[in-house]
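Q: This is the content of query24.cif (mmCIF, C-alpha atoms):
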```cif
data_entry
loop_
_atom_site.label_atom_id
_atom_site.label_comp_id
_atom_site.auth_asym_id
_atom_site.auth_seq_id
_atom_site.Cartn_x
_atom_site.Cartn_y
_atom_site.Cartn_z
CA MET A 1042 82.72 89.32 88.99
CA LYS A 1043 85.15 92.06 88.03
CA ILE A 1044 86.08 92.49 91.71
CA ASN A 1045 86.68 88.74 92.09
CA VAL A 1046 89.10 88.82 89.17
CA VAL A 1047 90.94 91.81 90.64
CA GLU A 1048 91.15 90.04 94.01
CA SER A 1049 92.56 86.88 92.48
CA VAL A 1050 95.12 88.89 90.51
CA LEU A 1051 96.17 90.63 93.74
CA LYS A 1052 96.32 87.33 95.62
CA ALA A 1053 98.58 85.78 92.96
CA ASN A 1054 100.73 88.92 93.00
CA ASP A 1055 101.09 88.79 96.78
CA ALA A 1056 102.35 85.21 96.69
CA VAL A 1057 105.09 86.18 94.23
CA ALA A 1058 105.88 89.26 96.32
CA ARG A 1059 106.43 87.09 99.39
CA GLU A 1060 108.86 84.95 97.39
CA ASN A 1061 110.70 88.09 96.18
CA ARG A 1062 111.01 89.30 99.78
CA ARG A 1063 112.32 85.91 100.88
CA ARG A 1064 115.02 86.06 98.16
CA LEU A 1065 115.98 89.61 99.15
CA ASP A 1066 116.11 88.69 102.85
CA ALA A 1067 118.27 85.65 102.13
CA ALA A 1068 120.75 87.87 100.28
CA GLY A 1069 120.65 90.58 102.97
CA VAL A 1070 119.31 93.22 100.60
CA VAL A 1071 116.95 95.99 101.72
CA ALA A 1072 114.50 96.87 98.93
CA VAL A 1073 112.81 100.26 98.64
CA ASN A 1074 109.85 100.78 96.29
CA LEU A 1075 109.77 104.41 95.08
CA MET A 1076 106.33 105.59 94.03
CA SER A 1077 105.03 108.95 92.83
CA ALA A 1078 103.34 110.82 90.02
CA PRO A 1079 105.28 111.09 86.76
CA GLY A 1080 108.03 113.68 86.98
CA SER A 1081 108.30 113.94 90.76
CA GLY A 1082 112.03 113.34 90.56
CA LYS A 1083 112.48 109.65 91.36
CA THR A 1084 115.35 109.11 88.92
CA LEU A 1085 117.17 112.32 89.84
CA LEU A 1086 116.84 111.43 93.53
CA LEU A 1087 118.45 108.04 92.81
CA GLU A 1088 121.22 109.75 90.81
CA LYS A 1089 122.06 111.71 93.98
CA THR A 1090 121.40 108.90 96.46
CA ILE A 1091 123.38 105.98 95.06
CA PRO A 1092 126.82 107.66 95.08
CA ALA A 1093 126.16 108.82 98.66
CA LEU A 1094 125.55 105.24 99.80
CA ALA A 1095 128.02 102.91 98.11
CA ALA A 1096 127.36 102.77 94.40
CA ALA A 1097 128.92 99.33 94.09
CA ARG A 1098 126.42 98.00 96.64
CA CYS A 1099 123.28 99.40 94.94
CA ALA A 1100 121.03 98.02 92.23
CA VAL A 1101 117.99 99.55 90.56
CA LEU A 1102 114.97 98.05 88.84
CA VAL A 1103 113.33 100.79 86.77
CA GLY A 1104 109.71 100.56 85.60
CA ASP A 1105 108.37 102.50 82.64
CA LEU A 1106 105.79 101.79 79.96
CA GLN A 1107 108.33 102.49 77.24
CA THR A 1108 111.96 103.59 76.75
CA THR A 1109 115.15 102.72 78.61
CA ARG A 1110 115.87 106.38 79.40
CA ASP A 1111 115.88 106.06 83.17
CA ALA A 1112 118.04 102.94 83.09
CA GLU A 1113 120.48 104.76 80.80
CA ARG A 1114 120.65 107.67 83.25
CA LEU A 1115 121.37 105.30 86.14
CA ALA A 1116 123.63 102.83 84.31
CA GLY A 1117 126.81 104.77 85.02
CA ILE A 1118 125.84 105.33 88.64
CA ALA A 1119 124.56 102.11 90.20
CA ALA A 1120 126.45 98.84 89.95
CA GLN A 1121 123.47 97.01 88.47
CA VAL A 1122 120.47 98.46 86.63
CA THR A 1123 117.62 96.67 84.88
CA GLN A 1124 114.84 98.42 82.98
CA ILE A 1125 111.41 96.82 83.05
CA ASN A 1126 109.07 97.98 80.27
CA THR A 1127 105.43 97.42 81.18
CA GLY A 1128 104.01 98.19 77.70
CA THR A 1129 100.57 99.49 78.60
CA GLY A 1130 100.85 98.39 82.26
CA CYS A 1131 100.25 101.15 84.79
CA HIS A 1132 102.39 99.70 87.58
CA LEU A 1133 105.07 97.10 88.28
CA THR A 1134 103.96 93.62 89.34
CA ALA A 1135 105.70 91.20 91.68
CA THR A 1136 106.28 88.86 88.73
CA GLN A 1137 108.10 91.58 86.78
CA VAL A 1138 110.20 92.37 89.84
CA GLY A 1139 110.92 88.66 90.34
CA GLU A 1140 112.23 88.49 86.77
CA GLY A 1141 114.22 91.64 87.50
CA LEU A 1142 115.77 89.94 90.52
CA ASP A 1143 116.88 87.08 88.25
CA SER A 1144 118.93 89.62 86.28
CA LEU A 1145 120.79 90.90 89.37
CA ASP A 1146 123.58 89.53 91.54
CA LEU A 1147 121.81 90.03 94.87
CA ARG A 1148 124.75 88.76 96.93
CA SER A 1149 126.86 91.74 95.94
CA ILE A 1150 124.40 94.49 96.90
CA ASP A 1151 122.97 96.03 100.08
CA PHE A 1152 120.26 98.24 98.57
CA LEU A 1153 117.75 97.55 95.82
CA PHE A 1154 115.77 100.55 94.59
CA ILE A 1155 112.62 99.74 92.66
CA GLU A 1156 111.55 102.81 90.69
CA ASN A 1157 107.87 102.17 89.97
CA VAL A 1158 105.88 103.50 87.00
CA GLY A 1159 104.98 107.15 87.54
CA ASN A 1160 101.38 106.86 88.74
CA MET A 1161 99.74 107.85 92.03
CA VAL A 1162 97.04 105.17 91.96
CA CYS A 1163 97.78 101.67 90.66
CA PRO A 1164 101.31 100.97 92.02
CA ALA A 1165 100.00 101.31 95.58
CA ALA A 1166 97.82 98.18 95.24
CA PHE A 1167 100.71 95.87 94.31
CA ASP A 1168 103.18 94.49 96.83
CA LEU A 1169 106.43 93.85 94.94
CA GLY A 1170 108.30 92.20 97.79
CA GLU A 1171 109.90 95.45 98.91
CA HIS A 1172 110.72 96.17 102.55
CA ARG A 1173 109.91 99.86 102.50
CA ARG A 1174 107.70 102.17 100.46
CA ALA A 1175 109.03 105.65 99.72
CA VAL A 1176 106.46 108.06 98.29
CA LEU A 1177 107.57 111.25 96.57
CA LEU A 1178 105.40 114.33 96.18
CA SER A 1179 106.90 117.23 94.24
CA VAL A 1180 106.08 120.83 95.07
CA PRO A 1181 104.90 121.74 91.53
CA GLU A 1182 102.20 119.05 91.72
CA GLY A 1183 100.34 121.26 94.17
CA ASP A 1184 99.51 121.11 97.87
CA ASP A 1185 96.22 119.20 97.45
CA LYS A 1186 97.46 115.75 96.41
CA VAL A 1187 97.61 113.85 99.74
CA ALA A 1188 93.86 113.95 100.31
CA LYS A 1189 93.15 113.14 96.68
CA TYR A 1190 95.39 110.05 96.58
CA PRO A 1191 95.12 108.57 100.08
CA THR A 1192 95.75 104.99 98.92
CA LEU A 1193 99.29 106.00 97.95
CA PHE A 1194 100.16 107.99 101.05
CA GLN A 1195 98.50 105.81 103.68
CA PRO A 1196 100.90 102.82 103.45
CA ALA A 1197 104.06 104.93 102.85
CA ASP A 1198 107.03 104.29 105.17
CA VAL A 1199 108.66 107.61 104.30
CA ILE A 1200 107.29 110.63 102.46
CA LEU A 1201 109.63 112.87 100.50
CA LEU A 1202 108.49 116.35 99.59
CA THR A 1203 110.69 116.93 96.52
CA LYS A 1204 111.72 120.01 94.50
CA VAL A 1205 111.49 122.21 97.61
CA ASP A 1206 113.81 124.67 95.83
CA LEU A 1207 110.63 125.74 93.99
CA LEU A 1208 108.80 126.70 97.20
CA GLY A 1209 109.78 130.34 96.72
CA VAL A 1210 108.64 130.39 93.08
CA LEU A 1211 105.24 128.72 93.41
CA ASP A 1212 102.11 129.46 95.38
CA TYR A 1213 102.36 126.48 97.71
CA GLN A 1214 101.32 125.90 101.30
CA ARG A 1215 103.25 123.10 102.95
CA SER A 1216 100.91 123.31 105.94
CA LYS A 1217 98.07 121.96 103.75
CA VAL A 1218 100.12 118.89 102.87
CA TYR A 1219 101.01 118.22 106.51
CA GLN A 1220 97.45 118.81 107.65
CA ASP A 1221 96.19 116.20 105.15
CA LEU A 1222 98.97 113.80 106.16
CA SER A 1223 98.02 114.15 109.81
CA ARG A 1224 94.71 112.49 108.93
CA ILE A 1225 96.16 109.78 106.67
CA ASN A 1226 99.64 108.80 107.81
CA THR A 1227 101.32 110.01 111.00
CA ARG A 1228 103.76 107.09 111.10
CA ALA A 1229 106.02 107.91 108.14
CA PRO A 1230 108.79 110.46 108.55
CA ARG A 1231 108.49 113.43 106.21
CA ILE A 1232 111.63 114.66 104.56
CA GLU A 1233 111.85 117.84 102.47
CA VAL A 1234 114.45 117.54 99.75
CA SER A 1235 115.81 119.21 96.65
CA SER A 1236 117.94 117.01 94.43
CA THR A 1237 119.06 120.20 92.68
CA THR A 1238 120.39 122.09 95.72
CA GLY A 1239 121.02 119.04 97.91
CA GLN A 1240 118.75 120.33 100.66
CA GLY A 1241 117.52 117.60 102.98
CA LEU A 1242 119.28 114.76 101.19
CA ASP A 1243 121.36 113.91 104.28
CA ARG A 1244 118.21 113.05 106.22
CA TRP A 1245 117.06 110.78 103.40
CA PHE A 1246 120.44 109.02 103.25
CA ALA A 1247 120.35 108.57 107.04
CA TRP A 1248 116.85 107.11 106.84
CA LEU A 1249 118.00 104.60 104.19
CA LYS A 1250 121.00 103.56 106.27
CA ASP A 1251 118.71 103.08 109.27
CA GLN A 1252 116.51 100.71 107.27
CA ARG A 1253 119.56 98.68 106.24
CA ARG A 1254 120.81 98.55 109.85
CA ALA A 1255 117.38 97.44 111.05
CA GLN A 1256 117.35 94.63 108.48
CA VAL A 1257 120.84 93.42 109.35
CA SER A 1258 120.07 93.38 113.08
CA ASP A 1259 116.79 91.50 112.39
CA SER A 1260 118.54 88.68 110.55
CA MET B 245 92.16 84.97 80.84
CA LYS B 246 93.13 88.26 82.46
CA ILE B 247 93.36 89.84 79.01
CA ASN B 248 89.91 88.51 78.05
CA VAL B 249 88.42 90.13 81.14
CA VAL B 250 90.11 93.43 80.36
CA GLU B 251 88.83 93.26 76.78
CA SER B 252 85.26 92.59 77.86
CA VAL B 253 85.42 95.46 80.39
CA LEU B 254 86.64 97.77 77.61
CA LYS B 255 83.94 96.53 75.23
CA ALA B 256 81.18 97.20 77.76
CA ASN B 257 82.70 100.61 78.48
CA ASP B 258 82.77 101.50 74.78
CA ALA B 259 79.06 100.72 74.37
CA VAL B 260 78.19 103.09 77.22
CA ALA B 261 80.59 105.68 75.78
CA ARG B 262 78.75 105.57 72.44
CA GLU B 263 75.46 106.19 74.26
CA ASN B 264 77.02 109.13 76.16
CA ARG B 265 78.22 110.61 72.88
CA ARG B 266 74.77 110.19 71.36
CA ARG B 267 73.22 112.07 74.29
CA LEU B 268 75.79 114.85 74.01
CA ASP B 269 75.29 115.12 70.25
CA ALA B 270 71.52 115.27 70.64
CA ALA B 271 71.91 118.16 73.07
CA GLY B 272 74.48 119.93 70.89
CA VAL B 273 77.21 119.74 73.53
CA VAL B 274 80.89 119.36 72.69
CA ALA B 275 82.68 117.28 75.33
CA VAL B 276 86.40 117.54 76.04
CA ASN B 277 88.19 114.91 78.14
CA LEU B 278 91.17 116.49 79.95
CA MET B 279 93.90 114.01 80.85
CA SER B 280 97.30 114.44 82.47
CA ALA B 281 99.51 113.49 85.39
CA PRO B 282 98.40 114.70 88.83
CA GLY B 283 99.14 118.38 89.29
CA SER B 284 99.59 119.39 85.67
CA GLY B 285 97.08 122.18 86.12
CA LYS B 286 93.80 120.81 84.75
CA THR B 287 91.60 122.54 87.33
CA LEU B 288 93.42 125.88 87.14
CA LEU B 289 93.19 125.77 83.34
CA LEU B 290 89.42 125.26 83.63
CA GLU B 291 89.20 128.13 86.14
CA LYS B 292 90.71 130.39 83.44
CA THR B 293 88.93 128.82 80.48
CA ILE B 294 85.29 128.75 81.54
CA PRO B 295 84.87 132.50 82.14
CA ALA B 296 86.53 133.16 78.75
CA LEU B 297 83.94 131.02 76.97
CA ALA B 298 80.51 131.61 78.46
CA ALA B 299 80.40 130.32 82.03
CA ALA B 300 76.63 129.85 81.87
CA ARG B 301 77.07 127.49 78.92
CA CYS B 302 79.76 125.29 80.53
CA ALA B 303 79.55 122.21 82.74
CA VAL B 304 82.28 120.16 84.34
CA LEU B 305 82.46 116.54 85.48
CA VAL B 306 85.44 116.21 87.83
CA GLY B 307 87.04 112.86 88.59
CA ASP B 308 89.13 112.21 91.69
CA LEU B 309 89.63 109.21 93.95
CA GLN B 310 88.60 111.24 96.98
CA THR B 311 87.56 114.78 98.00
CA THR B 312 85.33 117.33 96.33
CA ARG B 313 88.11 119.95 96.24
CA ASP B 314 88.21 120.45 92.50
CA ALA B 315 84.42 120.65 92.25
CA GLU B 316 84.44 123.26 95.03
CA ARG B 317 87.03 125.30 93.15
CA LEU B 318 84.93 125.18 89.98
CA ALA B 319 81.47 125.53 91.56
CA GLY B 320 81.51 129.31 91.50
CA ILE B 321 82.81 129.40 87.95
CA ALA B 322 80.92 126.93 85.77
CA ALA B 323 77.14 126.81 85.63
CA GLN B 324 77.04 123.11 86.50
CA VAL B 325 79.68 121.02 88.24
CA THR B 326 79.52 117.39 89.38
CA GLN B 327 82.27 115.63 91.28
CA ILE B 328 82.75 111.93 90.60
CA ASN B 329 84.71 110.08 93.30
CA THR B 330 86.26 106.89 91.98
CA GLY B 331 87.34 105.50 95.38
CA THR B 332 90.33 103.41 94.38
CA GLY B 333 89.59 103.72 90.64
CA CYS B 334 92.49 105.04 88.58
CA HIS B 335 90.40 106.57 85.78
CA LEU B 336 86.85 107.63 84.92
CA THR B 337 84.60 105.11 83.18
CA ALA B 338 81.86 105.73 80.63
CA THR B 339 79.30 104.52 83.18
CA GLN B 340 80.45 107.11 85.74
CA VAL B 341 80.29 109.81 83.07
CA GLY B 342 76.82 108.60 82.02
CA GLU B 343 75.65 109.01 85.62
CA GLY B 344 77.34 112.42 85.64
CA LEU B 345 75.36 113.38 82.52
CA ASP B 346 72.16 112.45 84.36
CA SER B 347 73.02 115.15 86.92
CA LEU B 348 73.40 117.89 84.29
CA ASP B 349 70.97 119.91 82.20
CA LEU B 350 72.65 119.24 78.85
CA ARG B 351 70.20 121.42 76.89
CA SER B 352 71.50 124.56 78.58
CA ILE B 353 75.23 124.04 77.87
CA ASP B 354 77.59 124.17 74.89
CA PHE B 355 80.74 122.76 76.49
CA LEU B 356 81.22 119.82 78.82
CA PHE B 357 84.68 119.48 80.34
CA ILE B 358 85.50 116.09 81.80
CA GLU B 359 88.46 116.41 84.15
CA ASN B 360 89.80 112.88 84.39
CA VAL B 361 91.69 111.37 87.35
CA GLY B 362 95.30 112.57 87.35
CA ASN B 363 97.08 109.61 85.78
CA MET B 364 99.11 109.28 82.57
CA VAL B 365 98.25 105.63 81.93
CA CYS B 366 94.81 104.24 82.67
CA PRO B 367 92.47 107.07 81.55
CA ALA B 368 93.79 106.76 77.99
CA ALA B 369 92.28 103.28 77.58
CA PHE B 370 88.71 104.36 78.37
CA ASP B 371 86.46 106.17 75.91
CA LEU B 372 84.02 108.27 77.96
CA GLY B 373 81.91 109.48 75.06
CA GLU B 374 83.91 112.67 74.69
CA HIS B 375 84.42 114.35 71.31
CA ARG B 376 87.97 115.53 71.92
CA ARG B 377 90.90 114.52 74.11
CA ALA B 378 93.05 117.29 75.54
CA VAL B 379 96.31 116.11 77.11
CA LEU B 380 98.24 118.40 79.44
CA LEU B 381 101.96 118.07 80.14
CA SER B 382 103.42 120.49 82.67
CA VAL B 383 106.97 121.77 82.40
CA PRO B 384 108.03 120.63 85.92
CA GLU B 385 107.20 117.01 85.02
CA GLY B 386 110.27 117.00 82.79
CA ASP B 387 110.95 116.87 79.08
CA ASP B 388 111.04 113.06 78.84
CA LYS B 389 107.38 112.14 79.38
CA VAL B 390 106.02 111.87 75.82
CA ALA B 391 108.15 108.86 74.91
CA LYS B 392 107.49 107.23 78.28
CA TYR B 393 103.70 107.52 78.06
CA PRO B 394 102.92 107.12 74.35
CA THR B 395 99.45 105.63 74.94
CA LEU B 396 98.34 108.97 76.40
CA PHE B 397 99.85 111.26 73.78
CA GLN B 398 99.15 109.19 70.68
CA PRO B 399 95.33 109.64 70.61
CA ALA B 400 95.37 113.27 71.86
CA ASP B 401 93.48 115.84 69.77
CA VAL B 402 95.32 118.76 71.36
CA ILE B 403 98.43 118.84 73.54
CA LEU B 404 98.89 121.63 76.07
CA LEU B 405 102.34 122.29 77.45
CA THR B 406 101.37 123.91 80.76
CA LYS B 407 103.23 126.01 83.36
CA VAL B 408 105.50 127.46 80.66
CA ASP B 409 106.18 130.37 83.03
CA LEU B 410 108.60 127.94 84.73
CA LEU B 411 110.68 127.43 81.57
CA GLY B 412 113.19 130.02 82.76
CA VAL B 413 113.49 128.47 86.22
CA LEU B 414 113.92 124.82 85.28
CA ASP B 415 116.40 122.89 83.18
CA TYR B 416 113.97 121.97 80.42
CA GLN B 417 114.36 121.41 76.69
CA ARG B 418 111.12 121.89 74.78
CA SER B 419 112.84 120.55 71.67
CA LYS B 420 113.00 117.09 73.30
CA VAL B 421 109.23 117.09 73.85
CA TYR B 422 108.54 118.13 70.26
CA GLN B 423 111.04 115.62 68.89
CA ASP B 424 109.28 112.80 70.78
CA LEU B 425 105.87 114.09 69.65
CA SER B 426 107.02 114.10 66.03
CA ARG B 427 107.28 110.31 66.31
CA ILE B 428 104.02 109.76 68.21
CA ASN B 429 101.45 112.38 67.24
CA THR B 430 101.88 114.95 64.49
CA ARG B 431 98.15 115.53 64.12
CA ALA B 432 97.35 117.34 67.39
CA PRO B 433 98.06 121.06 67.66
CA ARG B 434 100.52 121.92 70.45
CA ILE B 435 99.73 124.91 72.58
CA GLU B 436 102.09 126.37 75.17
CA VAL B 437 100.19 127.94 78.05
CA SER B 438 100.60 129.41 81.50
CA SER B 439 97.41 129.71 83.51
CA THR B 440 99.34 131.97 85.89
CA THR B 441 100.51 134.57 83.35
CA GLY B 442 97.80 133.93 80.74
CA GLN B 443 100.36 133.15 78.05
CA GLY B 444 98.91 131.12 75.18
CA LEU B 445 95.42 130.82 76.62
CA ASP B 446 93.89 132.68 73.65
CA ARG B 447 95.04 129.91 71.29
CA TRP B 448 93.45 127.29 73.57
CA PHE B 449 90.17 129.23 73.75
CA ALA B 450 90.19 129.58 69.95
CA TRP B 451 90.80 125.84 69.55
CA LEU B 452 87.83 125.07 71.83
CA LYS B 453 85.55 127.43 69.91
CA ASP B 454 86.65 125.77 66.66
CA GLN B 455 85.63 122.36 68.02
CA ARG B 456 82.22 123.71 68.95
CA ARG B 457 81.77 125.31 65.53
CA ALA B 458 82.78 122.05 63.83
CA GLN B 459 80.18 120.15 65.87
CA VAL B 460 77.38 122.62 65.16
CA SER B 461 78.12 122.58 61.41
CA ASP B 462 78.21 118.74 61.45
CA SER B 463 74.73 118.45 62.93
#
```
What's the structure tokens form of this structure?

A:
Amino acid sequence: MKINVVESVLKANDAVARENRRRLDAAGVVAVNLMSAPGSGKTLLLEKTIPALAAARCAVLVGDLQTTRDAERLAGIAAQVTQINTGTGCHLTATQVGEGLDSLDLRSIDFLFIENVGNMVCPAAFDLGEHRRAVLLSVPEGDDKVAKYPTLFQPADVILLTKVDLLGVLDYQRSKVYQDLSRINTRAPRIEVSSTTGQGLDRWFAWLKDQRRAQVSDS
Amino acid sequence: MKINVVESVLKANDAVARENRRRLDAAGVVAVNLMSAPGSGKTLLLEKTIPALAAARCAVLVGDLQTTRDAERLAGIAAQVTQINTGTGCHLTATQVGEGLDSLDLRSIDFLFIENVGNMVCPAAFDLGEHRRAVLLSVPEGDDKVAKYPTLFQPADVILLTKVDLLGVLDYQRSKVYQDLSRINTRAPRIEVSSTTGQGLDRWFAWLKDQRRAQVSDS
């Protein structure tokens, strides 16, 4: 009974997600869903990423239970920013993203970043209509998280190991992370970045531009 | 409809939670539910805490989607450890904890630590039958998390700011955390700890012993 309800919620969500993707495709926008634990550095990464692309051609939908803090941080950086407050909701839904799309001028952007609620479990189950899933894992979270949260890492299209400037400070074995990933997801490129020092950001920017090029050549 | 289902799930959970609490009370065990984002240091804190109490009188129920890694880390430390794998579940339920209690000899312990799934949203909605809720917030997660996740911090009985050894390394303003807490929860003591350096752990141990004393004098 409970499972049936969950399945029908997911089914309804997926239908809305397909419609979101159709709208994004029609406008020539590539949408990236950023997912991670709270405090992995999603907002700071976007603060560094958007100016390196073309800020005027970027929009962000930001999900949080409460506050407009992330939207405020990004408001001066991206051309269009909309905060979505989920209340007690542990993830964004396709319906919320669809309403977010209504608030944006999709024709004037190339990239839409969807910053999901900080949570390593629930967001992974909900297609929002994005084209790519970027999963962040920050060094201070520890080197044991991939195996513990496989549902997040398995469908990722790119995996960003963030805050690598702390590798020297913390007892952390990257090899453990990559060993776990080799069992769960060998498809996604892995990019080590520090938004503080700038390390690795060029590879991330190049990956994003590749996704945009792939979309344009598909259409 | 969806909300009704959620309410009836919570109602059923609460009934099982009350039964768990009755069993714990009858055995004279104080149960502490540890909640936080992934990688805030729950397991390491328990590795330091249990030997400082009386390891023979401590048990742990450890929740994770997958793996028995945390249980393995704690197996040599606490007298009794049971891993609960939730599969795709984003939090522990009272039923899972009830089954965990079946696996323990409650008469031989004073403290039960329930290490919840790393998640700042969903665990907060589910009473497990615990007596106290300990919420961890690690410094690298950033100083903006209290206002973003009020449903976690509001019902906390104690709030541990963990990894404070990183305060000198990171751009972090404790005052922001305490300012947000002053609006959300003024009741819970706030303890700054580092499981690496040992800083502040004595206050946490003293708080735990106080909870045990309060329970014994109640019964």

Q: Please report as a PyMOL selection string which residues of chain B come no farther than 6 Å from chain A, using all atoms listed in the file.

A: chain B and resi 283+309-311+334+363+365+385-386+392

Q: What does the distance between atom CA of Gln423 of chain B and atom CA of Glu374 of chain B come to in Å, to one decimal place?

A: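 Here the two named atoms are 27.9 Å from each other.
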
Q: Apply the PyMOL selection byres ((chain B and resi 320-326) around 6) to the structure shown and report the selected residues as an mmCIF file with C-alpha atoms, in the frame of the given file.

A:
```cif
data_model
loop_
_atom_site.group_PDB
_atom_site.id
_atom_site.type_symbol
_atom_site.label_atom_id
_atom_site.label_comp_id
_atom_site.auth_asym_id
_atom_site.auth_seq_id
_atom_site.Cartn_x
_atom_site.Cartn_y
_atom_site.Cartn_z
ATOM 1 C CA ALA B 299 80.400 130.320 82.030
ATOM 2 C CA ALA B 300 76.630 129.850 81.870
ATOM 3 C CA CYS B 302 79.760 125.290 80.530
ATOM 4 C CA ALA B 303 79.550 122.210 82.740
ATOM 5 C CA VAL B 304 82.280 120.160 84.340
ATOM 6 C CA LEU B 305 82.460 116.540 85.480
ATOM 7 C CA LEU B 318 84.930 125.180 89.980
ATOM 8 C CA ALA B 319 81.470 125.530 91.560
ATOM 9 C CA GLN B 327 82.270 115.630 91.280
#
```

Q: What separation in Å, quoted to one decimal, exists between atom CA of Glu1140 of chain A and atom CA of Glu1088 of chain A?

A: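 So the answer is 23.4 Å.
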
Q: Step by step, gather every atom of segment 378-390 of chain B that the file lists, find the box along x, y and z that holds them, add 5 Å on each side, and finally give centre and edge lengths in Å to one decimal, as lines of an AutoDock Vina configuration file.

A:
```
center_x = 102.0
center_y = 116.8
center_z = 80.7
size_x = 28.0
size_y = 19.9
size_z = 20.4
```

Q: Could you list, as a PyMOL selection string, every residue matched by the PyMOL selection byres ((chain B and resi 447) around 12) in this structure?

A: chain B and resi 293+296+402-404+433-438+442-446+448-454

Q: Could you pull the residues within 12 Å of His1172 of chain A, counting only C-alpha atoms, minus those fewer than 4 positions along the same chain, as a ChimeraX atom specification?

A: /A:1058-1059,1061-1066,1069-1075,1152-1155,1168,1196-1199,1249,1252-1253,1255-1256

Q: Would you translate the PyMOL selection byres ((chain B and resi 349) around 10) into the concrete set of residues it matches in this file, as a ChimeraX atom specification?

A: /B:271,303,323-324,345-348,350-353

Q: For a test of reading the model, state the distance in Å between atom CA of Gly1104 of chain A and atom CA of Val408 of chain B, rounded to one decimal.

A: 27.7 Å

Q: Could you tell me which of B:Val306, B:Val379, B:Leu297, B:Ala315 comes closest to Gln398 of chain B if we count only C-alpha atoms?

A: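 Of the candidates, the smallest distance to Gln398 of chain B is held by B:Val379.
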
Q: Counting all atoms listed in the file, which residue out of A:Arg1254, A:Asp1206, A:Lys1083, A:Ala1095 sits closest to Leu1178 of chain A?

A: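 The answer is A:Lys1083, which sits nearest to Leu1178 of chain A.
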
Q: Neighbours of Thr1134 of chain A within 8 Å (all atoms listed in the file; same-chain residues fewer than 6 positions away dropped), as an mmCIF file with C-alpha atoms, in the coordinates of the input?

A:
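Result went into out_8.cif, see below:
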```cif
data_model
loop_
_atom_site.group_PDB
_atom_site.id
_atom_site.type_symbol
_atom_site.label_atom_id
_atom_site.label_comp_id
_atom_site.auth_asym_id
_atom_site.auth_seq_id
_atom_site.Cartn_x
_atom_site.Cartn_y
_atom_site.Cartn_z
ATOM 1 C CA ASN A 1054 100.730 88.920 93.000
ATOM 2 C CA PHE A 1167 100.710 95.870 94.310
ATOM 3 C CA ASP A 1168 103.180 94.490 96.830
ATOM 4 C CA LEU A 1169 106.430 93.850 94.940
#
```
